[in-house]
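Written below as structure tokens is the structure these notes are about.
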Amino acid sequence: MGGITCLLLLLWAGVTVSTVLDLQKRLLRGQTCKSTERLYHVELTIITSKGIFYCGGTLLKNQWILTAKHCWNEGETIKARLGVHPGPYKPADEQTIKRHEIFTDADGKVHDILLLKLPKPANIGPASLPVCGTHPPLKATVQMAGHSYTSEKTKYKRSDTLQCANVKVVQCAVNYTESHQHVFCGADAGVTSVPGDSGSGVVYEGKIYGVTHEGYPTDHETQNSFMDICHKDYIQWINQIIAT
């Protein structure tokens, strides 16, 4: 366990062990998403001096993408691929991001939530944001997604199709308020986030309620953490930005 913990800490710090490697999260033991759902999913390619990394994102309105802040840093090039589900992806559907907005709280702390603006409007329908007043309750089923592998035998090989997986909302094993993040968590037997697509939308009752978050190493390796976009600070910020 000590070796695994050390490796996770190195990944969290941004250490790369190959020129092309996913350090974010993707899904293990998912299944191909239905062809009629998640048409708003965006695949993000992050090009850095250390290699190429991948994340997922969610199209909001026609030009804004919601994703995780840890998917991108200053000086990196990020490309957004639209229409990746149900596919096939076409090169003309790729745009290079030029504008971003980062959520920073009143104390100046940056949270793991990011908005990216496409240079040109997308020609696909956006996701629906919830009218926040309630949150997915404990034991409710939420859906994650990503271009994941479904077996350890294909580890580190990205899926050609968008994968979906359901988990139940559970009590978080980590106190995320200590890091000033507002998070809810999900888990289910056999469904695990592994290196790949962070930033993808988390769906509850047909609306986006969360963003897949990297989280921190814990003994609960099958627990998934999600940025809670229904937290009043996040949803107000999102609505204000995408209105511009």
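If you're wondering about the labels, chains in the structure tokens are A, B, ... by order shown, residues count from 1 in each chain, ligands from 1 in order shown.
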
Might you pull out every residue within 12 Å of Gln240 of chain A, with only C-alpha atoms counted and same-chain residues fewer than 3 positions away left off, and present them as a PyMOL selection string?
chain A and resi 64+101+103+115+233-237+243-244

Got time to write the residues from that selection, N, CA, C and O atoms, as a PDB file, in the first residue's frame?
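What landed in part-v4.pdb:
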```pdb
ATOM      1  N   TRP A  64     -19.147  27.326 -24.132  1.00  0.00           N
ATOM      2  CA  TRP A  64     -18.435  27.132 -22.877  1.00  0.00           C
ATOM      3  C   TRP A  64     -18.337  25.651 -22.524  1.00  0.00           C
ATOM      4  O   TRP A  64     -19.304  24.894 -22.693  1.00  0.00           O
ATOM      5  N   GLU A 101     -11.643  30.563 -17.675  1.00  0.00           N
ATOM      6  CA  GLU A 101     -12.038  31.224 -16.433  1.00  0.00           C
ATOM      7  C   GLU A 101     -11.862  30.229 -15.290  1.00  0.00           C
ATOM      8  O   GLU A 101     -12.340  29.093 -15.366  1.00  0.00           O
ATOM      9  N   PHE A 103     -12.247  29.353 -11.138  1.00  0.00           N
ATOM     10  CA  PHE A 103     -12.969  29.755  -9.934  1.00  0.00           C
ATOM     11  C   PHE A 103     -11.986  29.977  -8.785  1.00  0.00           C
ATOM     12  O   PHE A 103     -11.226  29.084  -8.418  1.00  0.00           O
ATOM     13  N   LEU A 115     -13.776  26.767 -16.532  1.00  0.00           N
ATOM     14  CA  LEU A 115     -14.591  26.991 -17.726  1.00  0.00           C
ATOM     15  C   LEU A 115     -13.676  27.395 -18.877  1.00  0.00           C
ATOM     16  O   LEU A 115     -12.801  28.250 -18.719  1.00  0.00           O
ATOM     17  N   ASP A 233     -21.775  28.959  -4.533  1.00  0.00           N
ATOM     18  CA  ASP A 233     -20.710  29.765  -5.137  1.00  0.00           C
ATOM     19  C   ASP A 233     -20.394  29.302  -6.555  1.00  0.00           C
ATOM     20  O   ASP A 233     -20.168  30.117  -7.446  1.00  0.00           O
ATOM     21  N   TYR A 234     -20.390  27.973  -6.765  1.00  0.00           N
ATOM     22  CA  TYR A 234     -20.050  27.440  -8.082  1.00  0.00           C
ATOM     23  C   TYR A 234     -21.140  27.738  -9.104  1.00  0.00           C
ATOM     24  O   TYR A 234     -20.847  28.198 -10.212  1.00  0.00           O
ATOM     25  N   ILE A 235     -22.393  27.455  -8.761  1.00  0.00           N
ATOM     26  CA  ILE A 235     -23.460  27.610  -9.745  1.00  0.00           C
ATOM     27  C   ILE A 235     -23.668  29.076 -10.106  1.00  0.00           C
ATOM     28  O   ILE A 235     -23.940  29.417 -11.263  1.00  0.00           O
ATOM     29  N   GLN A 236     -23.510  29.977  -9.143  1.00  0.00           N
ATOM     30  CA  GLN A 236     -23.628  31.400  -9.434  1.00  0.00           C
ATOM     31  C   GLN A 236     -22.522  31.847 -10.387  1.00  0.00           C
ATOM     32  O   GLN A 236     -22.760  32.599 -11.344  1.00  0.00           O
ATOM     33  N   TRP A 237     -21.314  31.356 -10.132  1.00  0.00           N
ATOM     34  CA  TRP A 237     -20.163  31.698 -10.977  1.00  0.00           C
ATOM     35  C   TRP A 237     -20.346  31.154 -12.390  1.00  0.00           C
ATOM     36  O   TRP A 237     -20.126  31.863 -13.374  1.00  0.00           O
ATOM     37  N   ALA A 243     -23.095  33.428 -19.312  1.00  0.00           N
ATOM     38  CA  ALA A 243     -24.015  34.445 -19.836  1.00  0.00           C
ATOM     39  C   ALA A 243     -23.288  35.461 -20.696  1.00  0.00           C
ATOM     40  O   ALA A 243     -23.923  36.222 -21.442  1.00  0.00           O
ATOM     41  N   THR A 244     -21.939  35.473 -20.623  1.00  0.00           N
ATOM     42  CA  THR A 244     -21.150  36.468 -21.377  1.00  0.00           C
ATOM     43  C   THR A 244     -20.881  35.982 -22.792  1.00  0.00           C
ATOM     44  O   THR A 244     -20.894  34.792 -23.051  1.00  0.00           O
TER      45      THR A 244
END
```

Which residues, written as a list in words, have at least one atom at most 8 Å from segment 174-187 of chain A, with only C-alpha atoms counted and residues fewer than 2 positions away on the same chain left out?
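Skipping anything fewer than 2 positions along the chain leaves Lys109, His111, Asp112, Val142, Val167, Lys168, Val169, Val170, Gln171, Cys172, Ala189, Val191, Thr192, Tyr216, Thr218, Thr222, Gln223, Asn224, Ser225, Phe226, Met227, Asp228 and His231 of chain A.
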
Test item: residues at most 10 Å from Cys71 of chain A, only C-alpha atoms, excluding those fewer than 4 positions along its chain, as an MDAnalysis selection string
chainID A and resid 23:24 44:46 53:57 67 78 112:114 197:199 213:214

Take the selection from the previous step and output its residues with N, CA and C atoms, as a PDB file, in the first residue's frame.
```pdb
ATOM      1  N   LEU A  23      -2.850  11.199 -16.717  1.00  0.00           N
ATOM      2  CA  LEU A  23      -2.712  11.302 -15.270  1.00  0.00           C
ATOM      3  C   LEU A  23      -4.042  11.591 -14.605  1.00  0.00           C
ATOM      4  N   GLN A  24      -5.051  11.951 -15.386  1.00  0.00           N
ATOM      5  CA  GLN A  24      -6.332  12.232 -14.789  1.00  0.00           C
ATOM      6  C   GLN A  24      -7.103  10.914 -14.579  1.00  0.00           C
ATOM      7  N   LEU A  44     -10.888  16.561 -24.174  1.00  0.00           N
ATOM      8  CA  LEU A  44      -9.850  17.586 -24.114  1.00  0.00           C
ATOM      9  C   LEU A  44      -8.474  16.941 -24.210  1.00  0.00           C
ATOM     10  N   THR A  45      -7.639  17.468 -25.095  1.00  0.00           N
ATOM     11  CA  THR A  45      -6.248  17.036 -25.224  1.00  0.00           C
ATOM     12  C   THR A  45      -5.357  18.173 -24.747  1.00  0.00           C
ATOM     13  N   ILE A  46      -4.528  17.900 -23.740  1.00  0.00           N
ATOM     14  CA  ILE A  46      -3.657  18.912 -23.156  1.00  0.00           C
ATOM     15  C   ILE A  46      -2.226  18.595 -23.562  1.00  0.00           C
ATOM     16  N   PHE A  53      -1.810  14.821 -22.344  1.00  0.00           N
ATOM     17  CA  PHE A  53      -2.716  14.362 -21.312  1.00  0.00           C
ATOM     18  C   PHE A  53      -4.151  14.534 -21.795  1.00  0.00           C
ATOM     19  N   TYR A  54      -5.076  13.826 -21.164  1.00  0.00           N
ATOM     20  CA  TYR A  54      -6.470  13.870 -21.599  1.00  0.00           C
ATOM     21  C   TYR A  54      -7.401  14.142 -20.430  1.00  0.00           C
ATOM     22  N   CYS A  55      -8.488  14.807 -20.729  1.00  0.00           N
ATOM     23  CA  CYS A  55      -9.576  15.025 -19.781  1.00  0.00           C
ATOM     24  C   CYS A  55     -10.891  15.022 -20.545  1.00  0.00           C
ATOM     25  N   GLY A  56     -11.964  15.004 -19.810  1.00  0.00           N
ATOM     26  CA  GLY A  56     -13.284  15.160 -20.396  1.00  0.00           C
ATOM     27  C   GLY A  56     -13.840  16.522 -20.033  1.00  0.00           C
ATOM     28  N   GLY A  57     -14.910  16.898 -20.686  1.00  0.00           N
ATOM     29  CA  GLY A  57     -15.576  18.159 -20.394  1.00  0.00           C
ATOM     30  C   GLY A  57     -17.027  18.098 -20.825  1.00  0.00           C
ATOM     31  N   THR A  67     -15.077  21.845 -16.961  1.00  0.00           N
ATOM     32  CA  THR A  67     -14.149  20.750 -16.698  1.00  0.00           C
ATOM     33  C   THR A  67     -13.463  20.976 -15.358  1.00  0.00           C
ATOM     34  N   ILE A  78      -4.423  23.535 -25.055  1.00  0.00           N
ATOM     35  CA  ILE A  78      -5.540  22.613 -24.844  1.00  0.00           C
ATOM     36  C   ILE A  78      -6.455  22.649 -26.061  1.00  0.00           C
ATOM     37  N   ASP A 112     -11.043  23.257  -7.913  1.00  0.00           N
ATOM     38  CA  ASP A 112     -10.837  22.350  -9.047  1.00  0.00           C
ATOM     39  C   ASP A 112     -12.006  22.398 -10.026  1.00  0.00           C
ATOM     40  N   ILE A 113     -12.271  23.592 -10.533  1.00  0.00           N
ATOM     41  CA  ILE A 113     -13.366  23.765 -11.476  1.00  0.00           C
ATOM     42  C   ILE A 113     -12.953  24.853 -12.475  1.00  0.00           C
ATOM     43  N   LEU A 114     -13.228  24.616 -13.749  1.00  0.00           N
ATOM     44  CA  LEU A 114     -12.694  25.458 -14.817  1.00  0.00           C
ATOM     45  C   LEU A 114     -13.714  25.587 -15.934  1.00  0.00           C
ATOM     46  N   ASP A 197      -9.843  10.176 -17.705  1.00  0.00           N
ATOM     47  CA  ASP A 197     -10.638  11.384 -17.933  1.00  0.00           C
ATOM     48  C   ASP A 197     -11.263  12.018 -16.698  1.00  0.00           C
ATOM     49  N   SER A 198     -10.556  12.916 -16.056  1.00  0.00           N
ATOM     50  CA  SER A 198     -11.168  13.821 -15.093  1.00  0.00           C
ATOM     51  C   SER A 198     -11.917  14.896 -15.862  1.00  0.00           C
ATOM     52  N   GLY A 199     -12.697  15.672 -15.165  1.00  0.00           N
ATOM     53  CA  GLY A 199     -13.363  16.818 -15.775  1.00  0.00           C
ATOM     54  C   GLY A 199     -14.675  16.502 -16.453  1.00  0.00           C
ATOM     55  N   HIS A 213     -13.559  14.794 -10.212  1.00  0.00           N
ATOM     56  CA  HIS A 213     -12.484  15.488  -9.510  1.00  0.00           C
ATOM     57  C   HIS A 213     -11.382  14.496  -9.195  1.00  0.00           C
ATOM     58  N   GLU A 214     -10.129  14.931  -9.243  1.00  0.00           N
ATOM     59  CA  GLU A 214      -9.013  14.013  -8.995  1.00  0.00           C
ATOM     60  C   GLU A 214      -9.036  13.443  -7.584  1.00  0.00           C
TER      61      GLU A 214
END
```

Name the residues in contact with Lys98 of chain A at a cut-off of 10 Å, using only C-alpha atoms, excluding same-chain residues fewer than 2 positions from it; report them as a PDB file with N, CA, C and O atoms, in the first residue's frame.
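Output file part.pdb follows:
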```pdb
ATOM      1  N   THR A  77      -1.125  24.020 -24.069  1.00  0.00           N
ATOM      2  CA  THR A  77      -2.083  24.116 -25.167  1.00  0.00           C
ATOM      3  C   THR A  77      -3.183  23.100 -24.934  1.00  0.00           C
ATOM      4  O   THR A  77      -2.911  21.936 -24.634  1.00  0.00           O
ATOM      5  N   ILE A  78      -4.423  23.535 -25.055  1.00  0.00           N
ATOM      6  CA  ILE A  78      -5.540  22.613 -24.844  1.00  0.00           C
ATOM      7  C   ILE A  78      -6.455  22.649 -26.061  1.00  0.00           C
ATOM      8  O   ILE A  78      -6.841  23.714 -26.540  1.00  0.00           O
ATOM      9  N   LYS A  79      -6.759  21.461 -26.581  1.00  0.00           N
ATOM     10  CA  LYS A  79      -7.630  21.326 -27.747  1.00  0.00           C
ATOM     11  C   LYS A  79      -8.914  20.609 -27.334  1.00  0.00           C
ATOM     12  O   LYS A  79      -8.868  19.628 -26.592  1.00  0.00           O
ATOM     13  N   GLN A  95     -11.150  22.365 -31.815  1.00  0.00           N
ATOM     14  CA  GLN A  95     -10.839  23.784 -31.661  1.00  0.00           C
ATOM     15  C   GLN A  95      -9.781  23.955 -30.568  1.00  0.00           C
ATOM     16  O   GLN A  95      -9.782  23.224 -29.578  1.00  0.00           O
ATOM     17  N   THR A  96      -8.906  24.932 -30.749  1.00  0.00           N
ATOM     18  CA  THR A  96      -7.893  25.252 -29.738  1.00  0.00           C
ATOM     19  C   THR A  96      -8.429  26.341 -28.827  1.00  0.00           C
ATOM     20  O   THR A  96      -8.893  27.388 -29.290  1.00  0.00           O
ATOM     21  N   HIS A 100     -10.036  31.146 -20.878  1.00  0.00           N
ATOM     22  CA  HIS A 100     -10.454  30.290 -19.766  1.00  0.00           C
ATOM     23  C   HIS A 100     -10.856  31.151 -18.583  1.00  0.00           C
ATOM     24  O   HIS A 100     -10.460  32.309 -18.471  1.00  0.00           O
ATOM     25  N   LEU A 116     -13.871  26.768 -20.021  1.00  0.00           N
ATOM     26  CA  LEU A 116     -13.100  27.052 -21.230  1.00  0.00           C
ATOM     27  C   LEU A 116     -14.055  27.575 -22.296  1.00  0.00           C
ATOM     28  O   LEU A 116     -15.158  27.054 -22.454  1.00  0.00           O
ATOM     29  N   LYS A 117     -13.630  28.598 -23.044  1.00  0.00           N
ATOM     30  CA  LYS A 117     -14.495  29.135 -24.089  1.00  0.00           C
ATOM     31  C   LYS A 117     -13.983  28.754 -25.468  1.00  0.00           C
ATOM     32  O   LYS A 117     -12.815  28.975 -25.797  1.00  0.00           O
ATOM     33  N   LEU A 118     -14.853  28.168 -26.262  1.00  0.00           N
ATOM     34  CA  LEU A 118     -14.517  27.819 -27.642  1.00  0.00           C
ATOM     35  C   LEU A 118     -14.416  29.090 -28.487  1.00  0.00           C
ATOM     36  O   LEU A 118     -15.222  30.014 -28.326  1.00  0.00           O
ATOM     37  N   PRO A 119     -13.460  29.154 -29.405  1.00  0.00           N
ATOM     38  CA  PRO A 119     -13.373  30.316 -30.295  1.00  0.00           C
ATOM     39  C   PRO A 119     -14.604  30.474 -31.182  1.00  0.00           C
ATOM     40  O   PRO A 119     -15.007  31.587 -31.505  1.00  0.00           O
TER      41      PRO A 119
END
```

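Here atom CA of Glu94 of chain A stands at a distance of 12.8 Å from atom CA of Gln63 of chain A.
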
Please identify the helix (DSSP H, G or I) residues within segment 23-169 of chain A (assignment by DSSP from backbone atoms) and present them as a PyMOL selection string.
chain A and resi 69-71+91-93+152-154

Excluding Gly125 of chain A and residues on its chain fewer than 5 positions from it, collect all residues at most 8 Å away from it, counting only C-alpha atoms, and give them as a list of chain:residue names.
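Once the nearby chain positions are removed, what remains is A:Leu39, A:Tyr40, A:Leu59, A:Lys61, A:Asn62.
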
Once you have the residues from the selection above, write them out as a compact mmCIF listing (two decimals), in the first residue's frame, restricted to N, CA and C atoms.
```
# COMPACT_ATOMS: atom_id res chain seq x y z
N LEU A 39 -24.36 13.67 -25.86
CA LEU A 39 -23.84 14.21 -27.12
C LEU A 39 -23.02 15.47 -26.86
N TYR A 40 -23.19 16.05 -25.69
CA TYR A 40 -22.48 17.28 -25.29
C TYR A 40 -21.09 16.99 -24.71
N LEU A 59 -20.14 20.47 -22.61
CA LEU A 59 -20.52 21.69 -23.30
C LEU A 59 -21.72 22.34 -22.62
N LYS A 61 -24.22 25.85 -22.88
CA LYS A 61 -24.61 26.80 -23.93
C LYS A 61 -23.94 26.34 -25.23
N ASN A 62 -23.42 27.27 -26.02
CA ASN A 62 -22.85 26.81 -27.30
C ASN A 62 -21.35 27.08 -27.42
```

Can you list, as a ChimeraX atom specification, all residues belonging to segment 52-125 of chain A that DSSP tags as strand (DSSP E or B)?
/A:52-60,64-67,77-81,94-96,99-104,110-117

Would you save the residues of that selection, restricted to C-alpha atoms, as a tab-separated table (two decimals), in the first residue's frame?
```tsv
chain	number	residue	atom	x	y	z
A	52	ILE	CA	0.06	14.67	-23.88
A	53	PHE	CA	-2.72	14.36	-21.31
A	54	TYR	CA	-6.47	13.87	-21.60
A	55	CYS	CA	-9.58	15.03	-19.78
A	56	GLY	CA	-13.28	15.16	-20.40
A	57	GLY	CA	-15.58	18.16	-20.39
A	58	THR	CA	-19.21	19.20	-20.76
A	59	LEU	CA	-20.52	21.69	-23.30
A	60	LEU	CA	-22.64	24.44	-21.70
A	64	TRP	CA	-18.43	27.13	-22.88
A	65	ILE	CA	-16.94	23.87	-21.60
A	66	LEU	CA	-17.07	22.87	-17.93
A	67	THR	CA	-14.15	20.75	-16.70
A	77	THR	CA	-2.08	24.12	-25.17
A	78	ILE	CA	-5.54	22.61	-24.84
A	79	LYS	CA	-7.63	21.33	-27.75
A	80	ALA	CA	-11.34	20.53	-27.50
A	81	ARG	CA	-12.80	17.74	-29.63
A	94	GLU	CA	-11.45	20.29	-33.03
A	95	GLN	CA	-10.84	23.78	-31.66
A	96	THR	CA	-7.89	25.25	-29.74
A	99	ARG	CA	-9.94	31.84	-23.20
A	100	HIS	CA	-10.45	30.29	-19.77
A	101	GLU	CA	-12.04	31.22	-16.43
A	102	ILE	CA	-10.86	29.78	-13.10
A	103	PHE	CA	-12.97	29.76	-9.93
A	104	THR	CA	-11.19	31.52	-7.07
A	110	VAL	CA	-8.32	28.19	-6.53
A	111	HIS	CA	-10.87	25.36	-6.71
A	112	ASP	CA	-10.84	22.35	-9.05
A	113	ILE	CA	-13.37	23.76	-11.48
A	114	LEU	CA	-12.69	25.46	-14.82
A	115	LEU	CA	-14.59	26.99	-17.73
A	116	LEU	CA	-13.10	27.05	-21.23
A	117	LYS	CA	-14.50	29.13	-24.09
```

My list of candidates is A:Met144, A:Thr161, A:Ser128, A:Gly30. Which is closest to Gly83 of chain A when distances are computed with only C-alpha atoms?
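Looking only at the distances to Gly83 of chain A, the closest residue turns out to be A:Thr161.
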
Hey, what's within 8 Å of Val202 of chain A if we count only C-alpha atoms and toss same-chain stuff fewer than 5 positions away? As an MDAnalysis selection string, please?
chainID A and resid 142:145 208:212 226

Kindly export the residues of the current selection with N, CA, C and O atoms, as a compact mmCIF listing (two decimals), in the first residue's frame.
```
# COMPACT_ATOMS: atom_id res chain seq x y z
N VAL A 142 -25.89 8.19 -9.76
CA VAL A 142 -25.37 9.20 -10.67
C VAL A 142 -24.51 8.51 -11.71
O VAL A 142 -24.01 7.40 -11.49
N GLN A 143 -24.35 9.15 -12.85
CA GLN A 143 -23.61 8.53 -13.96
C GLN A 143 -22.33 9.30 -14.27
O GLN A 143 -22.36 10.52 -14.47
N MET A 144 -21.21 8.57 -14.33
CA MET A 144 -19.94 9.12 -14.78
C MET A 144 -19.74 8.74 -16.24
O MET A 144 -20.40 7.85 -16.76
N ALA A 145 -18.77 9.40 -16.88
CA ALA A 145 -18.45 9.04 -18.27
C ALA A 145 -17.00 9.39 -18.58
O ALA A 145 -16.39 10.22 -17.91
N ILE A 208 -26.47 17.92 -15.39
CA ILE A 208 -25.10 17.87 -14.89
C ILE A 208 -25.04 18.43 -13.47
O ILE A 208 -25.33 19.62 -13.25
N TYR A 209 -24.70 17.58 -12.51
CA TYR A 209 -24.60 18.00 -11.11
C TYR A 209 -23.17 18.05 -10.61
O TYR A 209 -22.91 18.62 -9.55
N GLY A 210 -22.24 17.44 -11.34
CA GLY A 210 -20.88 17.39 -10.83
C GLY A 210 -19.85 17.32 -11.93
O GLY A 210 -20.16 17.10 -13.11
N VAL A 211 -18.59 17.52 -11.53
CA VAL A 211 -17.43 17.39 -12.41
C VAL A 211 -16.48 16.39 -11.77
O VAL A 211 -16.15 16.52 -10.58
N THR A 212 -16.07 15.37 -12.51
CA THR A 212 -15.17 14.36 -11.95
C THR A 212 -13.88 15.02 -11.49
O THR A 212 -13.21 15.71 -12.23
N PHE A 226 -16.54 14.16 -6.81
CA PHE A 226 -17.07 15.05 -7.84
C PHE A 226 -17.21 16.46 -7.29
O PHE A 226 -17.72 16.65 -6.18
```

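You will find atom CA of Gln31 of chain A at 5.5 Å from atom CA of Cys164 of chain A.
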
Of the candidates A:Ile241, A:Ala165, A:Val131, A:Ala122, which shows the shortest atom-to-atom distance to Leu82 of chain A, using only C-alpha atoms?
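Closest to Leu82 of chain A, using only C-alpha atoms: A:Ala122.
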